[in-house]
Amino acid sequence: LGNSNFAELRGIRIDDLLERSVVNPDPALMEMGIRGKTVLVTGAGGSIGSELSRQILRLGASRLLLFDHSEFHLFQIDRELSEERNRSASGCDIVSVLGSICSQPDVFSIFTRYQINTVFHAAAYKHVHLLEKNELRGLHNNVVGTKVVVEACVANGVDSMVLISTDKAVRPTSVMGMSKRVAELVVETARGESGAGKNRVTT
């Protein structure tokens, strides 16, 4: 097929597999609810939550609240971000809180203590095969946990609440996908009832 040679070969990138165009982030839009704000990340110790937390620190949040039920993972991300903050002298106040999104006292206590502007709700059980064997636990965590977080956002007048969802919530065929779809509906319903147009769902 033409005159290609081995020197032109490259590794496979994730973009090659997605079969859709890449949408680059808009820095101004991303900074809008972060720079100079108090931002809460639920599930901050997880793979998605930890990356969100790194980006939020770099975007200039004044206070970053890291919320997770895992002491080990929370310790790891707290240490990593504290070291990065000290190197960059960003001045961001990093607060790590152990707790469960399914516990109303755990969640509401954060909102009572801190005037939170923006919430990124990344806490969820995400492994499909595990949730197929633990259906009730997965549904309770992903649906009830989201409901508790949404209620806290509405009750405390949070400016923006972003649910980190998944493409598996589109026409779900698994317990995980179904639980995340219901979580989306919980957020959408609360947005409609409260008239909080800034609350939004992100997949």
# chains A, B, ... in the order shown; residues from 1 in each chain; ligands from 1

$ select_by_dssp --residues "chain A" --states "strand (DSSP E or B)" --output "PDB file with N, CA, C and O atoms, in the first residue's frame"
ATOM      1  N   THR A  38     -14.414  28.098  46.042  1.00  0.00           N
ATOM      2  CA  THR A  38     -14.322  26.911  46.895  1.00  0.00           C
ATOM      3  C   THR A  38     -14.965  25.758  46.145  1.00  0.00           C
ATOM      4  O   THR A  38     -16.154  25.813  45.810  1.00  0.00           O
ATOM      5  N   VAL A  39     -14.176  24.729  45.876  1.00  0.00           N
ATOM      6  CA  VAL A  39     -14.622  23.621  45.022  1.00  0.00           C
ATOM      7  C   VAL A  39     -14.565  22.313  45.799  1.00  0.00           C
ATOM      8  O   VAL A  39     -13.567  22.004  46.454  1.00  0.00           O
ATOM      9  N   LEU A  40     -15.642  21.546  45.703  1.00  0.00           N
ATOM     10  CA  LEU A  40     -15.715  20.227  46.340  1.00  0.00           C
ATOM     11  C   LEU A  40     -15.659  19.146  45.269  1.00  0.00           C
ATOM     12  O   LEU A  40     -16.382  19.206  44.279  1.00  0.00           O
ATOM     13  N   VAL A  41     -14.799  18.147  45.488  1.00  0.00           N
ATOM     14  CA  VAL A  41     -14.746  16.975  44.613  1.00  0.00           C
ATOM     15  C   VAL A  41     -15.093  15.753  45.455  1.00  0.00           C
ATOM     16  O   VAL A  41     -14.371  15.420  46.398  1.00  0.00           O
ATOM     17  N   THR A  42     -16.195  15.088  45.130  1.00  0.00           N
ATOM     18  CA  THR A  42     -16.515  13.833  45.806  1.00  0.00           C
ATOM     19  C   THR A  42     -15.813  12.696  45.072  1.00  0.00           C
ATOM     20  O   THR A  42     -15.636  12.745  43.864  1.00  0.00           O
ATOM     21  N   ARG A  63      -9.990  27.262  47.502  1.00  0.00           N
ATOM     22  CA  ARG A  63     -10.054  26.154  48.456  1.00  0.00           C
ATOM     23  C   ARG A  63     -10.538  24.915  47.706  1.00  0.00           C
ATOM     24  O   ARG A  63     -11.497  24.973  46.953  1.00  0.00           O
ATOM     25  N   LEU A  64      -9.852  23.802  47.937  1.00  0.00           N
ATOM     26  CA  LEU A  64     -10.204  22.545  47.299  1.00  0.00           C
ATOM     27  C   LEU A  64     -10.541  21.526  48.386  1.00  0.00           C
ATOM     28  O   LEU A  64      -9.692  21.159  49.195  1.00  0.00           O
ATOM     29  N   LEU A  65     -11.804  21.087  48.406  1.00  0.00           N
ATOM     30  CA  LEU A  65     -12.264  20.101  49.374  1.00  0.00           C
ATOM     31  C   LEU A  65     -12.237  18.723  48.723  1.00  0.00           C
ATOM     32  O   LEU A  65     -12.920  18.480  47.724  1.00  0.00           O
ATOM     33  N   LEU A  66     -11.441  17.834  49.295  1.00  0.00           N
ATOM     34  CA  LEU A  66     -11.308  16.474  48.789  1.00  0.00           C
ATOM     35  C   LEU A  66     -12.130  15.551  49.685  1.00  0.00           C
ATOM     36  O   LEU A  66     -11.844  15.427  50.874  1.00  0.00           O
ATOM     37  N   PHE A  67     -13.134  14.889  49.116  1.00  0.00           N
ATOM     38  CA  PHE A  67     -14.041  14.055  49.903  1.00  0.00           C
ATOM     39  C   PHE A  67     -13.987  12.626  49.380  1.00  0.00           C
ATOM     40  O   PHE A  67     -14.169  12.385  48.186  1.00  0.00           O
ATOM     41  N   ASP A  68     -13.723  11.669  50.270  1.00  0.00           N
ATOM     42  CA  ASP A  68     -13.649  10.278  49.844  1.00  0.00           C
ATOM     43  C   ASP A  68     -13.865   9.371  51.042  1.00  0.00           C
ATOM     44  O   ASP A  68     -13.594   9.759  52.187  1.00  0.00           O
ATOM     45  N   ASP A  93      -6.092  26.419  49.595  1.00  0.00           N
ATOM     46  CA  ASP A  93      -6.322  25.721  50.854  1.00  0.00           C
ATOM     47  C   ASP A  93      -6.899  24.341  50.538  1.00  0.00           C
ATOM     48  O   ASP A  93      -8.013  24.237  50.016  1.00  0.00           O
ATOM     49  N   ILE A  94      -6.151  23.286  50.823  1.00  0.00           N
ATOM     50  CA  ILE A  94      -6.594  21.923  50.537  1.00  0.00           C
ATOM     51  C   ILE A  94      -7.113  21.288  51.824  1.00  0.00           C
ATOM     52  O   ILE A  94      -6.408  21.229  52.828  1.00  0.00           O
ATOM     53  N   VAL A  95      -8.367  20.832  51.779  1.00  0.00           N
ATOM     54  CA  VAL A  95      -9.005  20.225  52.946  1.00  0.00           C
ATOM     55  C   VAL A  95      -9.474  18.827  52.574  1.00  0.00           C
ATOM     56  O   VAL A  95     -10.249  18.656  51.627  1.00  0.00           O
ATOM     57  N   SER A  96      -9.018  17.815  53.278  1.00  0.00           N
ATOM     58  CA  SER A  96      -9.397  16.431  53.007  1.00  0.00           C
ATOM     59  C   SER A  96     -10.392  15.957  54.057  1.00  0.00           C
ATOM     60  O   SER A  96     -10.157  16.104  55.260  1.00  0.00           O
ATOM     61  N   VAL A  97     -11.486  15.372  53.591  1.00  0.00           N
ATOM     62  CA  VAL A  97     -12.563  14.953  54.485  1.00  0.00           C
ATOM     63  C   VAL A  97     -12.920  13.496  54.203  1.00  0.00           C
ATOM     64  O   VAL A  97     -13.250  13.131  53.073  1.00  0.00           O
ATOM     65  N   LEU A  98     -12.844  12.664  55.233  1.00  0.00           N
ATOM     66  CA  LEU A  98     -13.268  11.274  55.132  1.00  0.00           C
ATOM     67  C   LEU A  98     -14.769  11.187  55.373  1.00  0.00           C
ATOM     68  O   LEU A  98     -15.290  11.771  56.323  1.00  0.00           O
ATOM     69  N   THR A 118     -18.733  25.380  43.873  1.00  0.00           N
ATOM     70  CA  THR A 118     -18.814  24.416  42.775  1.00  0.00           C
ATOM     71  C   THR A 118     -18.582  23.007  43.290  1.00  0.00           C
ATOM     72  O   THR A 118     -17.685  22.783  44.109  1.00  0.00           O
ATOM     73  N   VAL A 119     -19.393  22.066  42.799  1.00  0.00           N
ATOM     74  CA  VAL A 119     -19.255  20.662  43.191  1.00  0.00           C
ATOM     75  C   VAL A 119     -19.052  19.805  41.947  1.00  0.00           C
ATOM     76  O   VAL A 119     -19.806  19.911  40.976  1.00  0.00           O
ATOM     77  N   PHE A 120     -18.021  18.967  41.989  1.00  0.00           N
ATOM     78  CA  PHE A 120     -17.816  17.936  40.973  1.00  0.00           C
ATOM     79  C   PHE A 120     -18.079  16.597  41.660  1.00  0.00           C
ATOM     80  O   PHE A 120     -17.302  16.164  42.506  1.00  0.00           O
ATOM     81  N   HIS A 121     -19.182  15.967  41.293  1.00  0.00           N
ATOM     82  CA  HIS A 121     -19.585  14.717  41.936  1.00  0.00           C
ATOM     83  C   HIS A 121     -19.059  13.530  41.130  1.00  0.00           C
ATOM     84  O   HIS A 121     -19.684  13.082  40.171  1.00  0.00           O
ATOM     85  N   SER A 160     -22.879  25.750  41.100  1.00  0.00           N
ATOM     86  CA  SER A 160     -22.787  24.781  40.010  1.00  0.00           C
ATOM     87  C   SER A 160     -22.491  23.397  40.559  1.00  0.00           C
ATOM     88  O   SER A 160     -21.604  23.230  41.389  1.00  0.00           O
ATOM     89  N   MET A 161     -23.249  22.396  40.085  1.00  0.00           N
ATOM     90  CA  MET A 161     -23.024  21.015  40.471  1.00  0.00           C
ATOM     91  C   MET A 161     -22.899  20.188  39.202  1.00  0.00           C
ATOM     92  O   MET A 161     -23.791  20.201  38.353  1.00  0.00           O
ATOM     93  N   VAL A 162     -21.771  19.513  39.045  1.00  0.00           N
ATOM     94  CA  VAL A 162     -21.509  18.721  37.853  1.00  0.00           C
ATOM     95  C   VAL A 162     -21.449  17.245  38.224  1.00  0.00           C
ATOM     96  O   VAL A 162     -20.640  16.848  39.063  1.00  0.00           O
ATOM     97  N   LEU A 163     -22.305  16.453  37.620  1.00  0.00           N
ATOM     98  CA  LEU A 163     -22.278  15.004  37.816  1.00  0.00           C
ATOM     99  C   LEU A 163     -21.376  14.383  36.761  1.00  0.00           C
ATOM    100  O   LEU A 163     -21.599  14.559  35.570  1.00  0.00           O
ATOM    101  N   ILE A 164     -20.370  13.666  37.195  1.00  0.00           N
ATOM    102  CA  ILE A 164     -19.506  12.942  36.269  1.00  0.00           C
ATOM    103  C   ILE A 164     -20.190  11.614  35.963  1.00  0.00           C
ATOM    104  O   ILE A 164     -20.258  10.730  36.806  1.00  0.00           O
ATOM    105  N   ARG A 200     -25.782  21.278  36.312  1.00  0.00           N
ATOM    106  CA  ARG A 200     -25.735  20.615  35.022  1.00  0.00           C
ATOM    107  C   ARG A 200     -25.169  19.210  35.161  1.00  0.00           C
ATOM    108  O   ARG A 200     -24.471  18.885  36.099  1.00  0.00           O
ATOM    109  N   VAL A 201     -25.520  18.396  34.205  1.00  0.00           N
ATOM    110  CA  VAL A 201     -25.044  17.031  34.149  1.00  0.00           C
ATOM    111  C   VAL A 201     -23.967  16.938  33.091  1.00  0.00           C
ATOM    112  O   VAL A 201     -24.133  17.443  31.986  1.00  0.00           O
ATOM    113  N   THR A 202     -22.852  16.292  33.429  1.00  0.00           N
ATOM    114  CA  THR A 202     -21.756  16.110  32.488  1.00  0.00           C
ATOM    115  C   THR A 202     -21.485  14.633  32.312  1.00  0.00           C
ATOM    116  O   THR A 202     -21.386  13.902  33.287  1.00  0.00           O
TER     117      THR A 202
END

$ residues_around --residues "A:Ser90" --least-positions-apart "2" --cutoff "10 Å" --atoms "only C-alpha atoms" --output "PyMOL selection string"
chain A and resi 57-62+84-88+92-93

$ write_last_selection --atoms "N, CA and C atoms" --output "mmCIF file, in the first residue's frame"
data_model
loop_
_atom_site.group_PDB
_atom_site.id
_atom_site.type_symbol
_atom_site.label_atom_id
_atom_site.label_comp_id
_atom_site.auth_asym_id
_atom_site.auth_seq_id
_atom_site.Cartn_x
_atom_site.Cartn_y
_atom_site.Cartn_z
ATOM 1 N N LEU A 57 -6.772 22.312 41.066
ATOM 2 C CA LEU A 57 -5.684 23.002 41.756
ATOM 3 C C LEU A 57 -4.934 23.913 40.789
ATOM 4 N N ARG A 58 -4.654 23.408 39.592
ATOM 5 C CA ARG A 58 -3.900 24.184 38.604
ATOM 6 C C ARG A 58 -4.700 25.352 38.034
ATOM 7 N N LEU A 59 -6.029 25.248 38.105
ATOM 8 C CA LEU A 59 -6.875 26.312 37.579
ATOM 9 C C LEU A 59 -7.139 27.417 38.595
ATOM 10 N N GLY A 60 -6.543 27.297 39.774
ATOM 11 C CA GLY A 60 -6.558 28.420 40.715
ATOM 12 C C GLY A 60 -7.708 28.486 41.692
ATOM 13 N N ALA A 61 -8.216 27.322 42.138
ATOM 14 C CA ALA A 61 -9.249 27.351 43.177
ATOM 15 C C ALA A 61 -8.665 27.934 44.462
ATOM 16 N N SER A 62 -9.475 28.662 45.212
ATOM 17 C CA SER A 62 -8.979 29.221 46.472
ATOM 18 C C SER A 62 -9.003 28.168 47.566
ATOM 19 N N GLU A 84 2.370 19.563 45.350
ATOM 20 C CA GLU A 84 2.307 20.398 44.143
ATOM 21 C C GLU A 84 1.981 21.843 44.488
ATOM 22 N N ARG A 85 1.073 22.039 45.432
ATOM 23 C CA ARG A 85 0.733 23.392 45.865
ATOM 24 C C ARG A 85 1.946 24.099 46.449
ATOM 25 N N ASN A 86 2.706 23.396 47.254
ATOM 26 C CA ASN A 86 3.881 24.005 47.873
ATOM 27 C C ASN A 86 4.942 24.357 46.844
ATOM 28 N N ARG A 87 5.084 23.502 45.815
ATOM 29 C CA ARG A 87 6.060 23.796 44.753
ATOM 30 C C ARG A 87 5.647 25.008 43.932
ATOM 31 N N SER A 88 4.352 25.111 43.664
ATOM 32 C CA SER A 88 3.863 26.193 42.805
ATOM 33 C C SER A 88 3.494 27.445 43.581
ATOM 34 N N CYS A 92 -3.626 27.678 47.443
ATOM 35 C CA CYS A 92 -4.903 26.984 47.566
ATOM 36 C C CYS A 92 -4.982 26.247 48.903
ATOM 37 N N ASP A 93 -6.092 26.419 49.595
ATOM 38 C CA ASP A 93 -6.322 25.721 50.854
ATOM 39 C C ASP A 93 -6.899 24.341 50.538
#

$ atom_distance --atom1 "atom CA of A:Gly157" --atom2 "atom CA of A:Tyr114"
12.0 Å

$ select_by_dssp --residues "stretch 29-69 of chain A" --states "alpha helix (DSSP H)" --output "number ranges by chain"
A: 29-32, 47-58

$ closest_residue --among "A:Ser70, A:Asn156, A:Ser179, A:Ser50" --to "A:Arg113" --atoms "only C-alpha atoms"
A:Asn156

$ atom_distance --atom1 "atom CA of A:Ser100" --atom2 "atom CA of A:Ala123"
9.2 Å

$ atom_distance --atom1 "atom CA of A:Ile48" --atom2 "atom CA of A:His73"
12.2 Å

$ residues_around --residues "A:Gln76" --least-positions-apart "4" --cutoff "8 Å" --atoms "only C-alpha atoms" --output "NGL selection string"
:A and (45 or 72 or 80)

$ closest_residue --among "A:Asn117, A:Ser103, A:Ser174, A:Ser109" --to "A:Arg35" --atoms "only C-alpha atoms"
A:Asn117
